[in-house]
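> Pasting a structure here, questions to come.
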There are 2 protein chains.
Amino acid sequence: MGLRERKKRQTRRAIADAALRLFTERGYEETTIADIAEAADVSPRTFFSYFPSKEDVVFAEIDERLAEVREGVARRPAGETPLQSMRRIVFEMIDAIAAAHGEYGAIQVQLILERPSLQARALKRMNDTEQHVVERLTELSPDIDEVDAIVIAGALVGGMKAVITHCRAQGYDPEATRNAVDRALAIVEHGLGSVPALTHPVP
Amino acid sequence: MGLRERKKRQTRRAIADAALRLFTERGYEETTIADIAEAADVSPRTFFSYFPSKEDVVFAEIDERLAEVREGVARRPAGETPLQSMRRIVFEMIDAIAAAHGEYGAIQVQLILERPSLQARALKRMNDTEQHVVERLTELSPDIDEVDAIVIAGALVGGMKAVITHCRAQGYDPEATRNAVDRALAIVEHGLGSVPALTHPVP
DNA sequence: TAAAACTTTGCAACGCCTGCAAAGTCGCAG
DNA sequence: CTGCGACTTTGCAGGCGTTGCAAAGTTTTA
């Protein structure tokens with residue numbers, strides 16, 4: 001890897017670190033691009049050649065992990081049913097997101113949960129990976145109906161998003177989170193009709 | 001209703017109409033707040049006492065319909081199972097969104113599908129109504145496990161969002177949309193395990 | 001070592017959004 | 001109907017995110 005590329009990587013990291021640190025110290029909207037640039041020792045203009053917006057810097061690490069998962073997802077044990085593959089992918093993603101809990105993991109989560117605009121962007125990312133799940137799904141079972149694949153991906157990602165967000169917001173430990181996700185997967189697999197509370201009438 | 005309130009309603013509508021019209025004519029980012037204000041015959045500053053941001057004006061009508069649905073959802077025939085109630089609510093929402101297809105309905109959809117930032121905000125709205133579904137669900141079956149309710153809402157809303165978005169993007173007519181939604185509901189109710197394509201292994 | 005390719009920087013500008021205080025409008029009590 | 005209090009509109013000034021452009025600086029290649 002050449003010097004040029006090494007420097008870019010380094011600068012990117014410097015900017016992201018400075019940003020997260022300042023967000024932690026003074027808060028998100030109290031930190032300006034100029035502040036971040038100064039702390040990272042680059043010009044304000046340079047910030048934007050590394051991140052398209054101030055909001056994106058919050059997702060820098062998450063995006064990296066997500067990209068890794070997408071690479072790894074291609075490796076698939078033979079003989080798996082698509083459902084089993086999906087289950088495996090879900091757990092890989094969860095582990096990846098948990099691994100994103102580096103120095104600033106907790107801060108990122110808190111920032112996202114607190115700012116509506118960051119939440120919106122997080123949801124957009126979810127939606128984009130949902131698209132990816134659809135592709136993966138039609139790849140695994142080429143004969144599947146398109147609308148079916150779309151619904152399945154939507155329900156799967158939607159259900160997972162809901163549990164994980166809840167676990168994050170409630171500060172569940174990894175163990176408890178895993179259990180909750182497992183339960184969530186069961187519900188989505190067996191259907192809402194399998195939940196007793198939903199199927200008997202209420203007065 | 002006093003003159004004051006009538007005027008406010010009128011101004012709000014004037015702003016929204018002017019905005020949508022200009023977005024249609026020149027495009028979203030090519031239209032400035034100043035343009036909208038001028039077309040609606042108010043000062044630019046006034047725009048922001050009616051809508052918190054430029055993006056929100058795109059959702060003005062959708063938000064109104066959604067609020068109506070939330071009102072109406074309270075009326076519930078006795079003896080329904082929670083699952084039946086949910087099914088009913090889903091169709092009410094779909095009809096409401098279809099009804100939002102006023103003069104500018106198609107434009108709104110197109111704008112949202114084309115701009116990532118608007119898409120993000122649309123997803124945030126989905127997420128907010130998901131919260132509402134959780135509340136509704138725990139109201140209907142008070143004994144339900146909290147995490148279960150969250151997962152169910154997530155899967156339901158996620159699945160519906162996915163189909164509806166797809167139908168919108170593909171320009172399905174109302175009939176076809178309804179069929180697709182019906183099928184989607186069946187999948188979510190009976191579980192991903194009920195889809196044959198997912199349960200037999202692939203080589 | 002010089003040219004080519006790429007990166008950083010400063011500058012100027014646009015447009016969204018906000019706080020504030022002055023001016024205008026409406027509703028109501030006397 | 002008149003004047004006072006409540007509410008709405010407006011203009012102004014300014015902060016901030018974001019972008020395009022061209023000059024200056026750095027790394028790679030020939």
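Convention: chains lettered A, B, ... in structure tokens order; per-chain residue numbering from 1; ligands numbered from 1 as shown.
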With a cut-off of 10 Å, could you pull out the residues of chain A touching chain D and give me the nearest pair of atoms for each, distance in Å to one decimal, using only C-alpha atoms (C1' of nucleotides), ordered by chain and ascending number, as JSON lines?

```
{"residue": "A:Gly2", "atom": "CA", "partner": "D:DT27", "partner_atom": "C1'", "distance": 9.1}
{"residue": "A:Leu3", "atom": "CA", "partner": "D:DT27", "partner_atom": "C1'", "distance": 7.6}
{"residue": "A:Arg4", "atom": "CA", "partner": "D:DT27", "partner_atom": "C1'", "distance": 6.4}
{"residue": "A:Glu29", "atom": "CA", "partner": "D:DC16", "partner_atom": "C1'", "distance": 9.9}
{"residue": "A:Thr32", "atom": "CA", "partner": "D:DC16", "partner_atom": "C1'", "distance": 7.5}
{"residue": "A:Ile33", "atom": "CA", "partner": "D:DG17", "partner_atom": "C1'", "distance": 8.0}
{"residue": "A:Ala34", "atom": "CA", "partner": "D:DC16", "partner_atom": "C1'", "distance": 9.8}
{"residue": "A:Arg45", "atom": "CA", "partner": "D:DT18", "partner_atom": "C1'", "distance": 9.5}
{"residue": "A:Phe48", "atom": "CA", "partner": "D:DT18", "partner_atom": "C1'", "distance": 8.4}
{"residue": "A:Pro52", "atom": "CA", "partner": "D:DT18", "partner_atom": "C1'", "distance": 9.0}
{"residue": "A:Ser53", "atom": "CA", "partner": "D:DT18", "partner_atom": "C1'", "distance": 8.0}
{"residue": "A:Lys54", "atom": "CA", "partner": "D:DG17", "partner_atom": "C1'", "distance": 8.0}
```
> What residues in chain C lie within 10 Å of chain B, counting only C-alpha atoms (C1' of nucleotides), written as a ChimeraX atom specification?
/C:15-18,25-27
> Write out, as a PDB file, in the first residue's frame, the residues just selected, with N, CA and C atoms (P, O5', C5', C4', C3', O3' and C1' of nucleotides).

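Now in part.pdb:
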```
ATOM      1  P    DG C  15     -29.472  30.037  -3.962  1.00  0.00           P
ATOM      2  O5'  DG C  15     -29.855  29.182  -2.683  1.00  0.00           O
ATOM      3  C5'  DG C  15     -29.323  27.893  -2.519  1.00  0.00           C
ATOM      4  C4'  DG C  15     -29.714  27.383  -1.148  1.00  0.00           C
ATOM      5  C3'  DG C  15     -31.059  27.925  -0.643  1.00  0.00           C
ATOM      6  O3'  DG C  15     -31.725  26.868  -0.019  1.00  0.00           O
ATOM      7  C1'  DG C  15     -29.361  28.421   0.896  1.00  0.00           C
ATOM      8  P    DC C  16     -33.201  26.883   0.456  1.00  0.00           P
ATOM      9  O5'  DC C  16     -33.036  26.311   1.937  1.00  0.00           O
ATOM     10  C5'  DC C  16     -32.406  25.054   2.132  1.00  0.00           C
ATOM     11  C4'  DC C  16     -32.058  24.900   3.591  1.00  0.00           C
ATOM     12  C3'  DC C  16     -33.246  25.055   4.545  1.00  0.00           C
ATOM     13  O3'  DC C  16     -33.187  23.966   5.460  1.00  0.00           O
ATOM     14  C1'  DC C  16     -31.483  26.518   5.171  1.00  0.00           C
ATOM     15  P    DC C  17     -34.470  23.673   6.379  1.00  0.00           P
ATOM     16  O5'  DC C  17     -34.184  24.660   7.586  1.00  0.00           O
ATOM     17  C5'  DC C  17     -33.067  24.375   8.409  1.00  0.00           C
ATOM     18  C4'  DC C  17     -32.843  25.513   9.374  1.00  0.00           C
ATOM     19  C3'  DC C  17     -34.061  25.965  10.192  1.00  0.00           C
ATOM     20  O3'  DC C  17     -33.865  25.481  11.522  1.00  0.00           O
ATOM     21  C1'  DC C  17     -32.680  27.788   9.509  1.00  0.00           C
ATOM     22  P    DT C  18     -34.907  25.812  12.690  1.00  0.00           P
ATOM     23  O5'  DT C  18     -34.298  27.112  13.367  1.00  0.00           O
ATOM     24  C5'  DT C  18     -32.940  27.115  13.749  1.00  0.00           C
ATOM     25  C4'  DT C  18     -32.647  28.371  14.548  1.00  0.00           C
ATOM     26  C3'  DT C  18     -33.819  28.842  15.421  1.00  0.00           C
ATOM     27  O3'  DT C  18     -33.329  29.078  16.731  1.00  0.00           O
ATOM     28  C1'  DT C  18     -33.048  30.604  14.025  1.00  0.00           C
ATOM     29  P    DT C  25     -52.338  44.938   8.827  1.00  0.00           P
ATOM     30  O5'  DT C  25     -52.966  43.828   9.767  1.00  0.00           O
ATOM     31  C5'  DT C  25     -52.588  42.473   9.577  1.00  0.00           C
ATOM     32  C4'  DT C  25     -53.329  41.611  10.576  1.00  0.00           C
ATOM     33  C3'  DT C  25     -54.848  41.852  10.614  1.00  0.00           C
ATOM     34  O3'  DT C  25     -55.471  40.605  10.402  1.00  0.00           O
ATOM     35  C1'  DT C  25     -53.941  41.837  12.797  1.00  0.00           C
ATOM     36  P    DC C  26     -57.093  40.535  10.299  1.00  0.00           P
ATOM     37  O5'  DC C  26     -57.462  39.970  11.730  1.00  0.00           O
ATOM     38  C5'  DC C  26     -56.872  38.752  12.159  1.00  0.00           C
ATOM     39  C4'  DC C  26     -57.272  38.467  13.587  1.00  0.00           C
ATOM     40  C3'  DC C  26     -58.782  38.500  13.845  1.00  0.00           C
ATOM     41  O3'  DC C  26     -59.134  37.248  14.412  1.00  0.00           O
ATOM     42  C1'  DC C  26     -57.593  39.819  15.447  1.00  0.00           C
ATOM     43  P    DG C  27     -60.567  36.984  15.024  1.00  0.00           P
ATOM     44  O5'  DG C  27     -60.216  37.354  16.524  1.00  0.00           O
ATOM     45  C5'  DG C  27     -59.832  36.347  17.438  1.00  0.00           C
ATOM     46  C4'  DG C  27     -60.168  36.819  18.837  1.00  0.00           C
ATOM     47  C3'  DG C  27     -61.665  36.853  19.151  1.00  0.00           C
ATOM     48  O3'  DG C  27     -61.811  36.318  20.455  1.00  0.00           O
ATOM     49  C1'  DG C  27     -60.743  38.990  19.495  1.00  0.00           C
TER      50       DG C  27
END
```
> When distances are computed from only C-alpha atoms, which of A:Val109, A:Val90, A:Ala100, A:Leu83 shows the smallest separation from chain B?
A:Leu83
> Taking only C-alpha atoms into account, find every residue of chain B that has an atom no more than 6 Å from chain A, and write it out as a VMD selection string.
chain B and resid 78 to 83 120 to 121 124 144 151 154 to 155 158 to 159 162 to 163 184 188 to 193 197 to 203
> May I have the selected residues written with N, CA and C atoms, as a CSV table (one decimal), in the first residue's frame?

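Wrote it out as selection06.csv, contents follow:
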```
chain,number,residue,atom,x,y,z
B,78,ALA,N,-66.2,-5.2,18.7
B,78,ALA,CA,-65.9,-6.1,19.8
B,78,ALA,C,-65.7,-7.5,19.3
B,79,GLY,N,-64.9,-8.3,20.0
B,79,GLY,CA,-64.8,-9.7,19.7
B,79,GLY,C,-63.7,-10.0,18.6
B,80,GLU,N,-63.1,-8.9,18.1
B,80,GLU,CA,-62.0,-9.1,17.2
B,80,GLU,C,-60.7,-9.7,17.9
B,81,THR,N,-60.0,-10.5,17.2
B,81,THR,CA,-58.7,-10.9,17.8
B,81,THR,C,-57.7,-9.7,17.5
B,82,PRO,N,-56.7,-9.6,18.3
B,82,PRO,CA,-55.7,-8.5,18.0
B,82,PRO,C,-55.2,-8.6,16.5
B,83,LEU,N,-55.0,-9.8,16.1
B,83,LEU,CA,-54.5,-10.0,14.7
B,83,LEU,C,-55.5,-9.5,13.7
B,120,ALA,N,-35.2,9.0,3.8
B,120,ALA,CA,-34.8,8.9,5.2
B,120,ALA,C,-35.9,9.4,6.1
B,121,ARG,N,-36.5,10.6,5.7
B,121,ARG,CA,-37.5,11.1,6.6
B,121,ARG,C,-38.8,10.3,6.5
B,124,LYS,N,-38.4,7.5,8.8
B,124,LYS,CA,-38.6,7.9,10.1
B,124,LYS,C,-40.1,8.0,10.5
B,144,ILE,N,-49.3,-9.3,26.7
B,144,ILE,CA,-48.3,-9.7,25.7
B,144,ILE,C,-46.9,-9.2,26.2
B,151,VAL,N,-41.3,-6.8,18.3
B,151,VAL,CA,-41.0,-7.6,17.1
B,151,VAL,C,-42.1,-7.6,16.2
B,154,GLY,N,-42.6,-4.4,14.4
B,154,GLY,CA,-41.5,-4.2,13.5
B,154,GLY,C,-41.7,-5.1,12.2
B,155,ALA,N,-42.0,-6.3,12.4
B,155,ALA,CA,-42.1,-7.2,11.2
B,155,ALA,C,-43.3,-6.8,10.4
B,158,GLY,N,-42.6,-3.4,8.8
B,158,GLY,CA,-41.5,-3.6,7.9
B,158,GLY,C,-42.0,-4.3,6.6
B,159,GLY,N,-42.8,-5.3,6.8
B,159,GLY,CA,-43.3,-6.0,5.6
B,159,GLY,C,-44.2,-5.2,4.8
B,162,ALA,N,-42.4,-2.5,2.9
B,162,ALA,CA,-41.6,-3.1,1.7
B,162,ALA,C,-42.6,-3.3,0.5
B,163,VAL,N,-43.7,-3.9,0.7
B,163,VAL,CA,-44.6,-4.1,-0.4
B,163,VAL,C,-45.1,-2.8,-1.0
B,184,ALA,N,-48.8,-10.2,1.3
B,184,ALA,CA,-47.8,-9.9,2.2
B,184,ALA,C,-48.3,-10.2,3.6
B,188,VAL,N,-46.6,-12.7,6.5
B,188,VAL,CA,-46.2,-12.2,7.9
B,188,VAL,C,-47.0,-13.0,8.9
B,189,GLU,N,-48.3,-13.3,8.7
B,189,GLU,CA,-49.1,-14.0,9.6
B,189,GLU,C,-48.6,-15.4,9.8
B,190,HIS,N,-48.4,-16.1,8.7
B,190,HIS,CA,-48.0,-17.5,8.7
B,190,HIS,C,-46.5,-17.8,8.9
B,191,GLY,N,-45.8,-16.8,8.8
B,191,GLY,CA,-44.3,-16.9,9.0
B,191,GLY,C,-43.5,-17.2,7.8
B,192,LEU,N,-42.3,-16.8,7.8
B,192,LEU,CA,-41.4,-17.1,6.7
B,192,LEU,C,-41.3,-18.6,6.4
B,193,GLY,N,-41.4,-19.4,7.5
B,193,GLY,CA,-41.3,-20.8,7.3
B,193,GLY,C,-42.4,-21.4,6.4
B,197,ALA,N,-40.3,-21.8,-1.0
B,197,ALA,CA,-38.9,-21.6,-1.6
B,197,ALA,C,-37.8,-21.4,-0.5
B,198,LEU,N,-38.2,-21.1,0.7
B,198,LEU,CA,-37.2,-20.8,1.7
B,198,LEU,C,-36.8,-22.1,2.5
B,199,THR,N,-37.6,-23.1,2.4
B,199,THR,CA,-37.4,-24.3,3.3
B,199,THR,C,-36.7,-25.5,2.7
B,200,HIS,N,-36.5,-25.5,1.4
B,200,HIS,CA,-35.7,-26.6,0.9
B,200,HIS,C,-34.3,-26.1,0.4
B,201,PRO,N,-33.3,-27.0,0.8
B,201,PRO,CA,-31.9,-26.6,0.6
B,201,PRO,C,-31.6,-26.3,-0.9
B,202,VAL,N,-30.6,-25.4,-1.1
B,202,VAL,CA,-30.1,-25.2,-2.4
B,202,VAL,C,-28.7,-25.7,-2.5
B,203,PRO,N,-28.4,-26.2,-3.7
B,203,PRO,CA,-27.0,-26.8,-3.9
B,203,PRO,C,-25.9,-25.8,-3.7
```
> As a PyMOL selection string, please: the residues near A:Glu61 (cut-off 9 Å, only C-alpha atoms (C1' of nucleotides), same-chain neighbours under 3 positions excluded).
chain A and resi 16+57-58+64-66+100+102+105
> Restricting it to C-alpha atoms, dump the selection as a PDB file, in the first residue's frame.

```pdb
ATOM      1  CA  ALA A  16     -13.673  10.563  12.599  1.00  0.00           C
ATOM      2  CA  VAL A  57     -19.181  10.814  10.167  1.00  0.00           C
ATOM      3  CA  VAL A  58     -21.290   9.322  12.941  1.00  0.00           C
ATOM      4  CA  GLU A  64     -17.236  -0.252   7.580  1.00  0.00           C
ATOM      5  CA  ARG A  65     -18.537  -3.186   9.582  1.00  0.00           C
ATOM      6  CA  LEU A  66     -21.599  -3.474   7.413  1.00  0.00           C
ATOM      7  CA  ALA A 100     -18.491  -1.802  16.099  1.00  0.00           C
ATOM      8  CA  GLY A 102     -15.152   0.321  19.759  1.00  0.00           C
ATOM      9  CA  GLY A 105     -19.752   2.656  20.148  1.00  0.00           C
TER      10      GLY A 105
END
```
> Could you please determine the separation between atom CA of A:Ser43 and atom C1' of C:DA3 in Å, to one decimal place?
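Computing the Euclidean distance for atom CA of A:Ser43 and atom C1' of C:DA3 yields 27.6 Å.
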> Any idea what the distance is between atom CA of A:Asn179 and atom CA of B:Thr129?
25.9 Å
> Name the residues of stretch 16-196 of chain A that fall into helix (DSSP H, G or I) according to DSSP on the backbone, using the chain letters and numbers of this document, as a PyMOL selection string.
chain A and resi 16-26+33-40+44-50+54-58+60-72+82-99+105-114+116-140+146-170+174-190+192-194+196
> Leaving out A:Gly27 and any residue of its chain fewer than 6 positions from it, which residues lie within 10 Å of it when counting only C-alpha atoms (C1' of nucleotides), given as a list in words?
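Once the adjacent positions are removed, what remains is Leu20, Arg21 and Leu111 of chain A.
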> Would you save the residues of that selection, restricted to C-alpha atoms, as a PDB file, in the first residue's frame?

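Saved the output as part_5.pdb:
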```pdb
ATOM      1  CA  LEU A  20     -16.703  11.626  17.881  1.00  0.00           C
ATOM      2  CA  ARG A  21     -14.590  12.999  20.691  1.00  0.00           C
ATOM      3  CA  LEU A 111     -26.344  10.183  19.411  1.00  0.00           C
TER       4      LEU A 111
END
```
> What's the separation between atom CA of A:Val134 and atom CA of A:Ile97, in Å to one decimal place?
20.2 Å
> For B:Val42, find every residue with an atom within 9 Å (counting only C-alpha atoms (C1' of nucleotides)), except residues of its own chain fewer than 3 positions away, and show them as a list in words.
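Selected residues are Thr11, Ile15, Ile36, Ala37, Glu38, Ala39, Arg45, Thr46 and Phe47 of chain B; DT9 and DT10 of chain D.
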> Take the residues just selected and output them with C-alpha atoms (C1' of nucleotides) as a compact mmCIF listing (two decimals), in the first residue's frame.

```txt
# COMPACT_ATOMS: atom_id res chain seq x y z
CA THR B 11 -52.00 30.17 4.58
CA ILE B 15 -47.65 27.44 1.19
CA ILE B 36 -42.04 29.25 -2.17
CA ALA B 37 -42.71 32.21 0.08
CA GLU B 38 -43.04 34.54 -2.86
CA ALA B 39 -45.41 32.19 -4.67
CA ARG B 45 -39.63 33.92 7.62
CA THR B 46 -43.27 32.92 7.83
CA PHE B 47 -42.64 29.66 6.02
C1' DT D 9 -46.27 38.37 10.31
C1' DT D 10 -42.23 40.52 8.97
```
